[in-house]
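Pasting run_15.pdb here (PDB, C-alpha atoms):
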ATOM      1  CA  MET A   1     228.730 169.915 180.458
ATOM      2  CA  ASN A   2     230.007 170.312 183.992
ATOM      3  CA  LYS A   3     229.844 173.478 186.019
ATOM      4  CA  THR A   4     233.243 174.873 185.074
ATOM      5  CA  GLN A   5     232.689 174.185 181.435
ATOM      6  CA  ARG A   6     229.356 175.937 181.558
ATOM      7  CA  TYR A   7     230.783 178.993 183.299
ATOM      8  CA  ILE A   8     233.646 179.293 180.850
ATOM      9  CA  PHE A   9     231.284 178.859 177.930
ATOM     10  CA  LEU A  10     228.932 181.514 179.307
ATOM     11  CA  SER A  11     231.733 183.969 179.978
ATOM     12  CA  LEU A  12     233.045 183.492 176.444
ATOM     13  CA  LEU A  13     229.581 184.202 175.078
ATOM     14  CA  THR A  14     229.227 187.242 177.350
ATOM     15  CA  ALA A  15     232.553 188.548 176.101
ATOM     16  CA  ALA A  16     231.406 188.031 172.518
ATOM     17  CA  ALA A  17     228.163 189.925 173.187
ATOM     18  CA  LEU A  18     230.077 192.732 174.898
ATOM     19  CA  ILE A  19     232.559 193.075 172.056
ATOM     20  CA  LEU A  20     229.787 193.092 169.472
ATOM     21  CA  SER A  21     228.048 195.869 171.443
ATOM     22  CA  ILE A  22     231.222 197.941 171.588
ATOM     23  CA  ILE A  23     231.963 197.455 167.883
ATOM     24  CA  GLU A  24     228.404 198.428 167.082
ATOM     25  CA  GLY A  25     228.839 201.639 169.040
ATOM     26  CA  MET A  26     231.864 202.495 166.919
ATOM     27  CA  MET A  27     230.172 201.807 163.601
ATOM     28  CA  PRO A  28     228.963 204.874 161.738
ATOM     29  CA  LEU A  29     225.342 204.178 160.878
ATOM     30  CA  PRO A  30     222.860 206.371 159.056
ATOM     31  CA  TYR A  31     220.459 208.157 161.367
ATOM     32  CA  ILE A  32     216.969 206.784 160.879
ATOM     33  CA  ALA A  33     215.264 207.232 164.216
ATOM     34  CA  PRO A  34     216.516 207.635 167.765
ATOM     35  CA  GLY A  35     217.538 204.282 169.127
ATOM     36  CA  ALA A  36     217.624 202.515 165.773
ATOM     37  CA  LYS A  37     220.620 200.238 165.565
ATOM     38  CA  LEU A  38     221.754 196.837 164.427
ATOM     39  CA  GLY A  39     221.616 194.944 167.707
ATOM     40  CA  LEU A  40     224.572 192.727 166.895
ATOM     41  CA  SER A  41     224.797 191.364 170.435
ATOM     42  CA  ASN A  42     221.327 189.927 169.948
ATOM     43  CA  ILE A  43     222.961 187.285 167.737
ATOM     44  CA  VAL A  44     224.756 185.920 170.785
ATOM     45  CA  ILE A  45     221.769 186.301 173.091
ATOM     46  CA  LEU A  46     219.380 184.568 170.698
ATOM     47  CA  SER A  47     221.866 181.744 170.273
ATOM     48  CA  VAL A  48     222.147 181.327 174.040
ATOM     49  CA  VAL A  49     218.364 181.298 174.342
ATOM     50  CA  VAL A  50     218.194 178.496 171.772
ATOM     51  CA  ILE A  51     221.111 176.399 173.017
ATOM     52  CA  LEU A  52     221.218 176.875 176.780
ATOM     53  CA  GLY A  53     217.832 178.293 177.672
ATOM     54  CA  PHE A  54     216.290 181.320 179.312
ATOM     55  CA  LYS A  55     218.219 181.483 182.599
ATOM     56  CA  ASP A  56     221.638 181.470 181.017
ATOM     57  CA  ALA A  57     220.551 184.006 178.412
ATOM     58  CA  LEU A  58     219.307 186.325 181.147
ATOM     59  CA  LEU A  59     222.642 185.974 182.910
ATOM     60  CA  VAL A  60     224.496 186.881 179.720
ATOM     61  CA  VAL A  61     222.244 189.897 179.105
ATOM     62  CA  VAL A  62     222.603 191.289 182.616
ATOM     63  CA  ILE A  63     226.367 190.838 182.786
ATOM     64  CA  ARG A  64     226.793 192.230 179.284
ATOM     65  CA  SER A  65     224.799 195.341 180.181
ATOM     66  CA  ILE A  66     226.761 195.941 183.385
ATOM     67  CA  LEU A  67     230.096 195.459 181.637
ATOM     68  CA  LEU A  68     229.037 197.652 178.728
ATOM     69  CA  MET A  69     228.170 200.440 181.159
ATOM     70  CA  LEU A  70     231.586 200.144 182.807
ATOM     71  CA  VAL A  71     233.508 199.922 179.545
ATOM     72  CA  ALA A  72     231.807 202.127 177.004
ATOM     73  CA  THR A  73     228.676 203.969 178.077
ATOM     74  CA  ASN A  74     227.006 205.674 181.001
ATOM     75  CA  PRO A  75     224.412 204.758 183.661
ATOM     76  CA  ILE A  76     221.537 206.289 181.681
ATOM     77  CA  THR A  77     222.251 204.075 178.706
ATOM     78  CA  PHE A  78     222.520 201.181 181.138
ATOM     79  CA  ILE A  79     218.888 201.628 182.191
ATOM     80  CA  TYR A  80     217.737 201.374 178.575
ATOM     81  CA  SER A  81     220.109 198.561 177.823
ATOM     82  CA  ILE A  82     219.206 196.305 180.731
ATOM     83  CA  ALA A  83     215.450 196.861 180.565
ATOM     84  CA  SER A  84     215.176 196.219 176.843
ATOM     85  CA  GLY A  85     217.648 193.346 177.034
ATOM     86  CA  ILE A  86     215.664 191.540 179.718
ATOM     87  CA  VAL A  87     212.303 192.052 178.020
ATOM     88  CA  SER A  88     213.546 190.952 174.598
ATOM     89  CA  THR A  89     215.153 187.873 176.179
ATOM     90  CA  ILE A  90     211.858 186.969 177.831
ATOM     91  CA  VAL A  91     209.998 187.424 174.540
ATOM     92  CA  MET A  92     212.534 185.424 172.567
ATOM     93  CA  SER A  93     212.539 182.512 175.012
ATOM     94  CA  LEU A  94     208.743 182.459 175.095
ATOM     95  CA  GLY A  95     208.859 182.432 171.310
ATOM     96  CA  CYS A  96     211.356 179.584 171.312
ATOM     97  CA  LYS A  97     209.216 177.617 173.744
ATOM     98  CA  TYR A  98     205.725 178.059 172.355
ATOM     99  CA  LEU A  99     206.073 179.199 168.746
ATOM    100  CA  LYS A 100     208.964 177.101 167.510
ATOM    101  CA  ASN A 101     206.638 174.946 165.416
ATOM    102  CA  TYR A 102     205.658 178.002 163.446
ATOM    103  CA  PHE A 103     208.488 180.496 163.336
ATOM    104  CA  SER A 104     212.095 180.048 162.383
ATOM    105  CA  LEU A 105     214.775 181.953 164.279
ATOM    106  CA  ILE A 106     214.172 184.880 161.951
ATOM    107  CA  GLY A 107     210.607 185.338 163.163
ATOM    108  CA  ILE A 108     211.639 184.963 166.801
ATOM    109  CA  SER A 109     214.438 187.458 166.321
ATOM    110  CA  VAL A 110     212.022 189.957 164.765
ATOM    111  CA  LEU A 111     209.720 189.518 167.760
ATOM    112  CA  GLY A 112     212.665 190.075 170.089
ATOM    113  CA  ALA A 113     213.726 193.210 168.225
ATOM    114  CA  MET A 114     210.171 194.581 168.420
ATOM    115  CA  ALA A 115     210.068 193.930 172.162
ATOM    116  CA  HIS A 116     213.469 195.596 172.462
ATOM    117  CA  ASN A 117     212.245 198.767 170.731
ATOM    118  CA  ALA A 118     208.956 198.892 172.596
ATOM    119  CA  THR A 119     210.739 198.607 175.939
ATOM    120  CA  GLN A 120     213.272 201.218 174.980
ATOM    121  CA  ILE A 121     210.553 203.683 174.043
ATOM    122  CA  THR A 122     208.657 202.878 177.230
ATOM    123  CA  VAL A 123     211.736 203.574 179.335
ATOM    124  CA  ALA A 124     212.360 206.804 177.438
ATOM    125  CA  ALA A 125     208.722 207.819 177.881
ATOM    126  CA  ILE A 126     209.020 207.229 181.625
ATOM    127  CA  LEU A 127     212.311 209.116 181.873
ATOM    128  CA  PHE A 128     211.106 212.071 179.787
ATOM    129  CA  THR A 129     207.547 211.796 181.175
ATOM    130  CA  THR A 130     205.990 212.170 177.765
ATOM    131  CA  ILE A 131     203.846 209.743 175.821
ATOM    132  CA  ASN A 132     204.701 211.314 172.465
ATOM    133  CA  LEU A 133     207.773 209.179 171.971
ATOM    134  CA  TYR A 134     205.516 206.313 170.938
ATOM    135  CA  TYR A 135     205.229 207.999 167.549
ATOM    136  CA  TYR A 136     208.638 206.545 166.844
ATOM    137  CA  LEU A 137     207.409 203.000 167.454
ATOM    138  CA  PRO A 138     206.122 202.305 163.890
ATOM    139  CA  ILE A 139     209.331 203.621 162.341
ATOM    140  CA  LEU A 140     211.452 201.635 164.751
ATOM    141  CA  SER A 141     209.347 198.546 164.067
ATOM    142  CA  LEU A 142     210.076 198.796 160.359
ATOM    143  CA  VAL A 143     213.773 199.162 161.099
ATOM    144  CA  SER A 144     213.630 196.258 163.515
ATOM    145  CA  ILE A 145     212.338 193.971 160.767
ATOM    146  CA  PHE A 146     215.564 194.445 158.821
ATOM    147  CA  THR A 147     217.818 194.110 161.842
ATOM    148  CA  GLY A 148     215.730 191.208 163.140
ATOM    149  CA  CYS A 149     216.035 189.319 159.846
ATOM    150  CA  PHE A 150     219.765 189.936 159.796
ATOM    151  CA  VAL A 151     220.224 188.839 163.406
ATOM    152  CA  GLY A 152     217.979 185.799 162.974
ATOM    153  CA  TYR A 153     219.707 184.660 159.808
ATOM    154  CA  THR A 154     223.113 184.966 161.468
ATOM    155  CA  ALA A 155     221.855 183.191 164.580
ATOM    156  CA  ILE A 156     220.778 180.214 162.460
ATOM    157  CA  PHE A 157     224.379 179.678 161.385
ATOM    158  CA  VAL A 158     225.743 180.325 164.873
ATOM    159  CA  THR A 159     223.356 177.898 166.572
ATOM    160  CA  ASP A 160     224.078 175.219 163.959
ATOM    161  CA  ASN A 161     227.739 175.219 164.830
ATOM    162  CA  LEU A 162     227.421 175.842 168.557
ATOM    163  CA  GLU A 163     224.851 173.106 169.002
ATOM    164  CA  MET A 164     227.260 170.606 167.525
ATOM    165  CA  THR A 165     229.996 171.722 169.902
ATOM    166  CA  VAL A 166     227.750 171.617 172.942
ATOM    167  CA  ASN A 167     226.386 168.211 172.007
ATOM    168  CA  THR A 168     229.913 166.872 171.647
ATOM    169  CA  TRP A 169     230.737 168.127 175.129
ATOM    170  CA  LYS A 170     227.625 166.606 176.579
ATOM    171  CA  ARG A 171     228.380 163.240 175.008
ATOM    172  CA  GLY A 172     232.027 163.337 175.944
ATOM    173  CA  LEU A 173     231.276 163.800 179.641
ATOM    174  CA  LYS A 174     228.841 160.938 179.997
TER
ATOM    175  CA  MET B   1     213.696 174.628 165.616
ATOM    176  CA  LYS B   2     213.150 175.364 161.972
ATOM    177  CA  LYS B   3     216.240 176.406 160.117
ATOM    178  CA  LYS B   4     214.833 178.270 157.170
ATOM    179  CA  ILE B   5     212.567 181.226 156.756
ATOM    180  CA  ASN B   6     209.014 179.966 156.215
ATOM    181  CA  LYS B   7     205.547 181.249 155.506
ATOM    182  CA  TYR B   8     204.827 182.092 159.154
ATOM    183  CA  ASP B   9     207.883 184.330 159.342
ATOM    184  CA  ILE B  10     206.880 186.092 156.164
ATOM    185  CA  GLY B  11     203.350 186.456 157.516
ATOM    186  CA  LEU B  12     204.645 187.981 160.748
ATOM    187  CA  ILE B  13     206.905 190.385 158.872
ATOM    188  CA  ALA B  14     204.115 191.379 156.488
ATOM    189  CA  ALA B  15     201.746 191.983 159.402
ATOM    190  CA  ILE B  16     204.291 194.196 161.170
ATOM    191  CA  VAL B  17     204.996 196.133 157.970
ATOM    192  CA  ILE B  18     201.298 196.737 157.324
ATOM    193  CA  ILE B  19     200.571 197.819 160.907
ATOM    194  CA  SER B  20     203.635 200.073 161.027
ATOM    195  CA  VAL B  21     202.920 201.737 157.699
ATOM    196  CA  PHE B  22     199.326 202.264 158.778
ATOM    197  CA  PHE B  23     200.417 203.988 161.969
ATOM    198  CA  ILE B  24     203.066 206.044 160.197
ATOM    199  CA  LEU B  25     200.517 207.278 157.688
ATOM    200  CA  TYR B  26     197.546 207.831 159.973
ATOM    201  CA  GLY B  27     198.592 207.563 163.591
ATOM    202  CA  GLY B  28     201.213 210.116 164.418
ATOM    203  CA  ARG B  29     200.819 212.532 161.555
ATOM    204  CA  ASP B  30     199.300 215.443 163.440
ATOM    205  CA  ALA B  31     201.635 215.280 166.352
ATOM    206  CA  VAL B  32     204.852 214.704 164.441
ATOM    207  CA  ILE B  33     204.470 216.939 161.434
ATOM    208  CA  SER B  34     202.309 219.797 162.651
ATOM    209  CA  ASN B  35     203.713 222.415 164.906
ATOM    210  CA  SER B  36     202.275 222.003 168.353
ATOM    211  CA  LYS B  37     204.092 224.883 169.986
ATOM    212  CA  THR B  38     201.635 226.679 172.221
ATOM    213  CA  ALA B  39     201.928 229.858 174.230
ATOM    214  CA  TYR B  40     199.891 229.955 177.416
ATOM    215  CA  ILE B  41     199.170 233.332 178.901
ATOM    216  CA  TYR B  42     198.311 233.441 182.561
ATOM    217  CA  SER B  43     196.994 236.533 184.256
ATOM    218  CA  ASN B  44     196.281 236.593 187.966
ATOM    219  CA  ASN B  45     197.018 232.849 188.078
ATOM    220  CA  GLN B  46     194.282 232.181 185.556
ATOM    221  CA  LEU B  47     194.607 231.096 181.981
ATOM    222  CA  ALA B  48     193.855 234.174 179.924
ATOM    223  CA  GLY B  49     194.853 232.990 176.481
ATOM    224  CA  GLU B  50     196.195 230.070 174.506
ATOM    225  CA  TYR B  51     197.865 230.595 171.118
ATOM    226  CA  VAL B  52     199.341 228.001 168.805
ATOM    227  CA  LEU B  53     202.521 229.516 167.451
ATOM    228  CA  THR B  54     203.033 228.803 163.786
ATOM    229  CA  ASP B  55     205.225 230.693 161.373
ATOM    230  CA  ASP B  56     202.364 232.416 159.605
ATOM    231  CA  PHE B  57     200.229 233.271 162.631
ATOM    232  CA  LYS B  58     200.170 236.946 163.499
ATOM    233  CA  ASP B  59     198.249 238.597 166.274
ATOM    234  CA  VAL B  60     198.270 241.387 168.825
ATOM    235  CA  VAL B  61     196.905 240.529 172.232
ATOM    236  CA  ASN B  62     196.039 242.926 174.978
ATOM    237  CA  ILE B  63     195.772 241.607 178.512
ATOM    238  CA  GLU B  64     194.334 244.067 180.969
ATOM    239  CA  THR B  65     193.917 243.729 184.686
ATOM    240  CA  GLU B  66     193.179 246.255 187.407
ATOM    241  CA  THR B  67     196.931 246.734 187.898
ATOM    242  CA  GLY B  68     197.704 247.577 184.271
ATOM    243  CA  TYR B  69     198.015 246.214 180.779
ATOM    244  CA  ASN B  70     200.417 244.212 178.620
ATOM    245  CA  ILE B  71     200.291 244.272 174.839
ATOM    246  CA  MET B  72     201.979 241.309 173.277
ATOM    247  CA  HIS B  73     202.752 240.601 169.648
ATOM    248  CA  ILE B  74     202.801 237.157 168.106
ATOM    249  CA  GLU B  75     204.610 236.790 164.813
ATOM    250  CA  GLY B  76     206.768 234.212 163.051
ATOM    251  CA  GLY B  77     206.460 231.641 165.798
ATOM    252  CA  GLN B  78     207.693 234.120 168.391
ATOM    253  CA  ILE B  79     205.915 235.999 171.086
ATOM    254  CA  TRP B  80     207.049 239.157 172.819
ATOM    255  CA  ILE B  81     205.672 241.998 174.867
ATOM    256  CA  HIS B  82     205.551 245.212 172.917
ATOM    257  CA  GLU B  83     204.109 247.603 175.427
ATOM    258  CA  ALA B  84     203.343 247.431 179.108
ATOM    259  CA  SER B  85     202.083 249.669 181.826
ATOM    260  CA  CYS B  86     204.471 248.418 184.462
ATOM    261  CA  PRO B  87     207.158 250.822 185.711
ATOM    262  CA  ASP B  88     210.271 248.707 185.191
ATOM    263  CA  LYS B  89     209.503 247.248 181.700
ATOM    264  CA  ILE B  90     211.332 244.056 182.582
ATOM    265  CA  CYS B  91     208.806 242.034 180.610
ATOM    266  CA  ILE B  92     209.704 243.971 177.464
ATOM    267  CA  HIS B  93     213.401 243.498 178.048
ATOM    268  CA  GLN B  94     212.943 239.747 178.299
ATOM    269  CA  GLY B  95     212.660 239.847 174.539
ATOM    270  CA  LYS B  96     211.214 237.385 172.072
ATOM    271  CA  ILE B  97     210.602 233.828 173.144
ATOM    272  CA  SER B  98     209.982 230.862 170.886
ATOM    273  CA  LYS B  99     211.399 227.722 172.483
ATOM    274  CA  ASN B 100     209.897 225.078 174.734
ATOM    275  CA  GLY B 101     209.951 226.089 178.394
ATOM    276  CA  GLU B 102     210.812 229.745 177.800
ATOM    277  CA  MET B 103     208.829 232.259 179.819
ATOM    278  CA  ILE B 104     208.099 235.933 180.080
ATOM    279  CA  VAL B 105     207.120 237.085 183.535
ATOM    280  CA  CYS B 106     205.626 240.439 184.434
ATOM    281  CA  ILE B 107     205.510 240.676 188.171
ATOM    282  CA  PRO B 108     203.671 244.018 188.606
ATOM    283  CA  ASN B 109     200.770 242.872 186.411
ATOM    284  CA  ARG B 110     200.966 239.280 187.641
ATOM    285  CA  MET B 111     201.224 237.927 184.125
ATOM    286  CA  ILE B 112     203.124 234.926 182.801
ATOM    287  CA  ILE B 113     203.635 233.738 179.225
ATOM    288  CA  LYS B 114     204.839 230.196 178.965
ATOM    289  CA  ILE B 115     205.688 228.192 175.847
ATOM    290  CA  VAL B 116     205.021 224.485 175.748
ATOM    291  CA  ASP B 117     206.332 222.585 172.754
ATOM    292  CA  ASP B 118     205.239 218.973 172.569
ATOM    293  CA  ASN B 119     207.642 218.176 169.742
ATOM    294  CA  ASP B 120     210.650 219.426 171.585
ATOM    295  CA  GLU B 121     210.740 216.591 174.081
ATOM    296  CA  GLY B 122     210.598 214.052 171.302
ATOM    297  CA  GLU B 123     213.568 215.626 169.588
ATOM    298  CA  ILE B 124     215.885 214.982 172.484
ATOM    299  CA  ASP B 125     218.441 212.645 171.068
ATOM    300  CA  PHE B 126     218.594 209.671 173.343
ATOM    301  CA  ILE B 127     221.212 207.074 172.747
ATOM    302  CA  ALA B 128     220.261 203.676 173.936
ATOM    303  CA  ASP B 129     221.519 200.216 173.615
TER
END

Would you give me this structure, written as structure tokens?
Amino acid sequence: MNKTQRYIFLSLLTAAALILSIIEGMMPLPYIAPGAKLGLSNIVILSVVVILGFKDALLVVVIRSILLMLVATNPITFIYSIASGIVSTIVMSLGCKYLKNYFSLIGISVLGAMAHNATQITVAAILFTTINLYYYLPILSLVSIFTGCFVGYTAIFVTDNLEMTVNTWKRGLK
Amino acid sequence: MKKKINKYDIGLIAAIVIISVFFILYGGRDAVISNSKTAYIYSNNQLAGEYVLTDDFKDVVNIETETGYNIMHIEGGQIWIHEASCPDKICIHQGKISKNGEMIVCIPNRMIIKIVDDNDEGEIDFIAD
């Protein structure tokens, strides 16, 4: 993959993550706990972590969060979004690096979702200056198992296909 | 990278479920379910009384200082001043308070009632991505 190809590929993935975030915001979901949601854009981010690595995934997360703030939400949401995005990316890439002999993508995605929730609650606790919000953490963790399984299972299919494409590019340019 | 869900994944998920259920059942019960609304009464800048406001708690409190007295009633999760010695009766006109952050101030008797509700902050609906 040369530079241009990589940039175009990354921007396509960023656009996909952004669109998934926007669609998710439009979806009517049952209220379980504050902050509980599907995390559809994590499919893209987990796939980028697996295929291209940590740096590119971080780039996608940061640009997605900035664009999402400009398109659909507000600066307050941006703080939550970027903090939890960065932390869950770090956790997922560490998981991919050191735990890939044990966990499948489902396990790594669950870990990422947990990190996402924990960061979100931490940010909220800092913003509201109250520690009580951590009472939501167990509930959110249970929810994140379902969303994490869903995201991980989808990411397995996505990475299967994307890896083939990327490998073809890499071979074709040699 | 493994492609299918395996025993380690299931182990991780089971561990998270067990820990979460444990904390839901035993960890946050008191703080989430019980009513932690508290009225703090300050007189002359000193804490003169502390009352947990629940729906079935009923009490009459008399706070006296050298400048006068305030008689407050607590009932149904609300607190209000029923009688006061001050000339303007502003504290009585401030009515019944029950929500987090609400206050009754009596300037002549230098008395403040303040409500602090720990649950209230948690109920703020924050939307986050």

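Atom pair atom CA of Thr122 of chain A / atom CA of Leu58 of chain A: separated by 20.1 Å.
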
**Q.** Surrounding residues of segment 87-97 of chain A excluding itself and chain neighbours under 5 positions, 12 Å, all atoms listed in the file, as JSON, numbers by chain
**A.** {"A": [39, 41, 42, 43, 44, 45, 46, 47, 48, 49, 50, 51, 52, 53, 54, 55, 56, 57, 58, 59, 60, 61, 62, 80, 81, 82, 102, 103, 104, 105, 106, 107, 108, 109, 110, 111, 112, 113, 114, 115, 116, 117, 118, 119, 120, 122, 123, 148, 152], "B": [1, 2]}

Those residues you just picked out, can you put them in a file as an mmCIF file, in the coordinates of the input with C-alpha atoms?
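Output below, filename again_13.cif:
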data_model
loop_
_atom_site.group_PDB
_atom_site.id
_atom_site.type_symbol
_atom_site.label_atom_id
_atom_site.label_comp_id
_atom_site.auth_asym_id
_atom_site.auth_seq_id
_atom_site.Cartn_x
_atom_site.Cartn_y
_atom_site.Cartn_z
ATOM 1 C CA GLY A 39 221.616 194.944 167.707
ATOM 2 C CA SER A 41 224.797 191.364 170.435
ATOM 3 C CA ASN A 42 221.327 189.927 169.948
ATOM 4 C CA ILE A 43 222.961 187.285 167.737
ATOM 5 C CA VAL A 44 224.756 185.920 170.785
ATOM 6 C CA ILE A 45 221.769 186.301 173.091
ATOM 7 C CA LEU A 46 219.380 184.568 170.698
ATOM 8 C CA SER A 47 221.866 181.744 170.273
ATOM 9 C CA VAL A 48 222.147 181.327 174.040
ATOM 10 C CA VAL A 49 218.364 181.298 174.342
ATOM 11 C CA VAL A 50 218.194 178.496 171.772
ATOM 12 C CA ILE A 51 221.111 176.399 173.017
ATOM 13 C CA LEU A 52 221.218 176.875 176.780
ATOM 14 C CA GLY A 53 217.832 178.293 177.672
ATOM 15 C CA PHE A 54 216.290 181.320 179.312
ATOM 16 C CA LYS A 55 218.219 181.483 182.599
ATOM 17 C CA ASP A 56 221.638 181.470 181.017
ATOM 18 C CA ALA A 57 220.551 184.006 178.412
ATOM 19 C CA LEU A 58 219.307 186.325 181.147
ATOM 20 C CA LEU A 59 222.642 185.974 182.910
ATOM 21 C CA VAL A 60 224.496 186.881 179.720
ATOM 22 C CA VAL A 61 222.244 189.897 179.105
ATOM 23 C CA VAL A 62 222.603 191.289 182.616
ATOM 24 C CA TYR A 80 217.737 201.374 178.575
ATOM 25 C CA SER A 81 220.109 198.561 177.823
ATOM 26 C CA ILE A 82 219.206 196.305 180.731
ATOM 27 C CA TYR A 102 205.658 178.002 163.446
ATOM 28 C CA PHE A 103 208.488 180.496 163.336
ATOM 29 C CA SER A 104 212.095 180.048 162.383
ATOM 30 C CA LEU A 105 214.775 181.953 164.279
ATOM 31 C CA ILE A 106 214.172 184.880 161.951
ATOM 32 C CA GLY A 107 210.607 185.338 163.163
ATOM 33 C CA ILE A 108 211.639 184.963 166.801
ATOM 34 C CA SER A 109 214.438 187.458 166.321
ATOM 35 C CA VAL A 110 212.022 189.957 164.765
ATOM 36 C CA LEU A 111 209.720 189.518 167.760
ATOM 37 C CA GLY A 112 212.665 190.075 170.089
ATOM 38 C CA ALA A 113 213.726 193.210 168.225
ATOM 39 C CA MET A 114 210.171 194.581 168.420
ATOM 40 C CA ALA A 115 210.068 193.930 172.162
ATOM 41 C CA HIS A 116 213.469 195.596 172.462
ATOM 42 C CA ASN A 117 212.245 198.767 170.731
ATOM 43 C CA ALA A 118 208.956 198.892 172.596
ATOM 44 C CA THR A 119 210.739 198.607 175.939
ATOM 45 C CA GLN A 120 213.272 201.218 174.980
ATOM 46 C CA THR A 122 208.657 202.878 177.230
ATOM 47 C CA VAL A 123 211.736 203.574 179.335
ATOM 48 C CA GLY A 148 215.730 191.208 163.140
ATOM 49 C CA GLY A 152 217.979 185.799 162.974
ATOM 50 C CA MET B 1 213.696 174.628 165.616
ATOM 51 C CA LYS B 2 213.150 175.364 161.972
#

Q: Give me the residues within 10 Å of Ile24 of chain B as a ChimeraX atom specification, counting all atoms listed in the file and dropping any in the same chain fewer than 6 places off.
A: /A:135-139 /B:18,32

If you apply the PyMOL selection byres ((chain B and resi 57-64) around 10) to this file, what residues do you get, as a PDB file with C-alpha atoms, keeping the file's coordinate frame?
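File written: expr_29.pdb
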ATOM      1  CA  ILE B  41     199.170 233.332 178.901  1.00  0.00           C
ATOM      2  CA  TYR B  42     198.311 233.441 182.561  1.00  0.00           C
ATOM      3  CA  SER B  43     196.994 236.533 184.256  1.00  0.00           C
ATOM      4  CA  ALA B  48     193.855 234.174 179.924  1.00  0.00           C
ATOM      5  CA  GLY B  49     194.853 232.990 176.481  1.00  0.00           C
ATOM      6  CA  TYR B  51     197.865 230.595 171.118  1.00  0.00           C
ATOM      7  CA  VAL B  52     199.341 228.001 168.805  1.00  0.00           C
ATOM      8  CA  LEU B  53     202.521 229.516 167.451  1.00  0.00           C
ATOM      9  CA  THR B  54     203.033 228.803 163.786  1.00  0.00           C
ATOM     10  CA  ASP B  55     205.225 230.693 161.373  1.00  0.00           C
ATOM     11  CA  ASP B  56     202.364 232.416 159.605  1.00  0.00           C
ATOM     12  CA  THR B  65     193.917 243.729 184.686  1.00  0.00           C
ATOM     13  CA  GLU B  66     193.179 246.255 187.407  1.00  0.00           C
ATOM     14  CA  THR B  67     196.931 246.734 187.898  1.00  0.00           C
ATOM     15  CA  GLY B  68     197.704 247.577 184.271  1.00  0.00           C
ATOM     16  CA  TYR B  69     198.015 246.214 180.779  1.00  0.00           C
ATOM     17  CA  ASN B  70     200.417 244.212 178.620  1.00  0.00           C
ATOM     18  CA  ILE B  71     200.291 244.272 174.839  1.00  0.00           C
ATOM     19  CA  MET B  72     201.979 241.309 173.277  1.00  0.00           C
ATOM     20  CA  HIS B  73     202.752 240.601 169.648  1.00  0.00           C
ATOM     21  CA  ILE B  74     202.801 237.157 168.106  1.00  0.00           C
ATOM     22  CA  GLU B  75     204.610 236.790 164.813  1.00  0.00           C
ATOM     23  CA  GLY B  76     206.768 234.212 163.051  1.00  0.00           C
ATOM     24  CA  GLY B  77     206.460 231.641 165.798  1.00  0.00           C
ATOM     25  CA  GLN B  78     207.693 234.120 168.391  1.00  0.00           C
ATOM     26  CA  ILE B  79     205.915 235.999 171.086  1.00  0.00           C
ATOM     27  CA  TRP B  80     207.049 239.157 172.819  1.00  0.00           C
ATOM     28  CA  ILE B  81     205.672 241.998 174.867  1.00  0.00           C
ATOM     29  CA  HIS B  82     205.551 245.212 172.917  1.00  0.00           C
ATOM     30  CA  GLU B  83     204.109 247.603 175.427  1.00  0.00           C
ATOM     31  CA  ALA B  84     203.343 247.431 179.108  1.00  0.00           C
ATOM     32  CA  SER B  85     202.083 249.669 181.826  1.00  0.00           C
ATOM     33  CA  ASN B 109     200.770 242.872 186.411  1.00  0.00           C
ATOM     34  CA  MET B 111     201.224 237.927 184.125  1.00  0.00           C
TER      35      MET B 111
END

Q: Please provide as a list in words all residues within 9 Å of Asn2 of chain A, with the sequence filter that same-chain residues fewer than 3 positions apart are discarded (counting only C-alpha atoms).
A: Gln5, Arg6, Tyr7, Lys170 and Leu173 of chain A

Could those residues be written to a file, using C-alpha atoms, as a PDB file, keeping the file's coordinate frame?
ATOM      1  CA  GLN A   5     232.689 174.185 181.435  1.00  0.00           C
ATOM      2  CA  ARG A   6     229.356 175.937 181.558  1.00  0.00           C
ATOM      3  CA  TYR A   7     230.783 178.993 183.299  1.00  0.00           C
ATOM      4  CA  LYS A 170     227.625 166.606 176.579  1.00  0.00           C
ATOM      5  CA  LEU A 173     231.276 163.800 179.641  1.00  0.00           C
TER       6      LEU A 173
END

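The coordinates place atom CA of Ile121 of chain A at 6.5 Å from atom CA of Tyr134 of chain A.
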
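For the choices A:Ile86, A:Ala15, A:Ile63, A:Ile145, the atom-to-atom distance to chain B is smallest for A:Ile145 when using only C-alpha atoms.
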
Q: Mind giving me the straight-line distance from atom CA of Trp169 of chain A to atom CA of Met1 of chain A in Å, one decimal?
A: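 The value is 6.0 Å.
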
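Of the listed residues A:Ile23, A:Ala16, A:Pro75, A:Ser141, the one whose atoms come nearest to chain B is A:Ser141, with distances taken using all atoms listed in the file.
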
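Among A:Thr14, A:Val71, A:Thr4, A:Ala124, the residue with the shortest atom-to-atom distance to chain B, counting all atoms listed in the file, is A:Ala124.
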
Q: Would you mind listing what lies within 10 Å of Lys99 of chain B as number ranges by chain, with only C-alpha atoms counted and same-chain residues fewer than 5 positions away left out?
A: B: 37-39, 77-78, 114-117, 120

Q: For Arg110 of chain B, list every protein, DNA or RNA residue within 8 Å, evaluated using only C-alpha atoms, and leave out those in the same chain fewer than 3 positions away; present the list as number ranges by chain.
A: B: 43-45, 105-107

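Among the candidates A:Leu38, A:Leu13, A:Lys3, A:Met27, the one nearest to chain B when counting all atoms listed in the file is A:Leu38.
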
Q: Pull the neighbourhood of (230.5, 199.9, 171.7) for me: all residues within 10 Å in file coordinates, counting only C-alpha atoms, as JSON, numbers by chain.
A: {"A": [18, 19, 20, 21, 22, 23, 24, 25, 26, 27, 68, 69, 71, 72, 73], "B": [129]}

Could you give me the axis-aligned bounding box of segment 36-50 of chain B, with 4 Å of padding per side, as centre plus edge lengths in Å to one decimal, as lines of an AutoDock Vina configuration file?
center_x = 199.0
center_y = 229.3
center_z = 178.2
size_x = 18.2
size_y = 22.6
size_z = 27.7
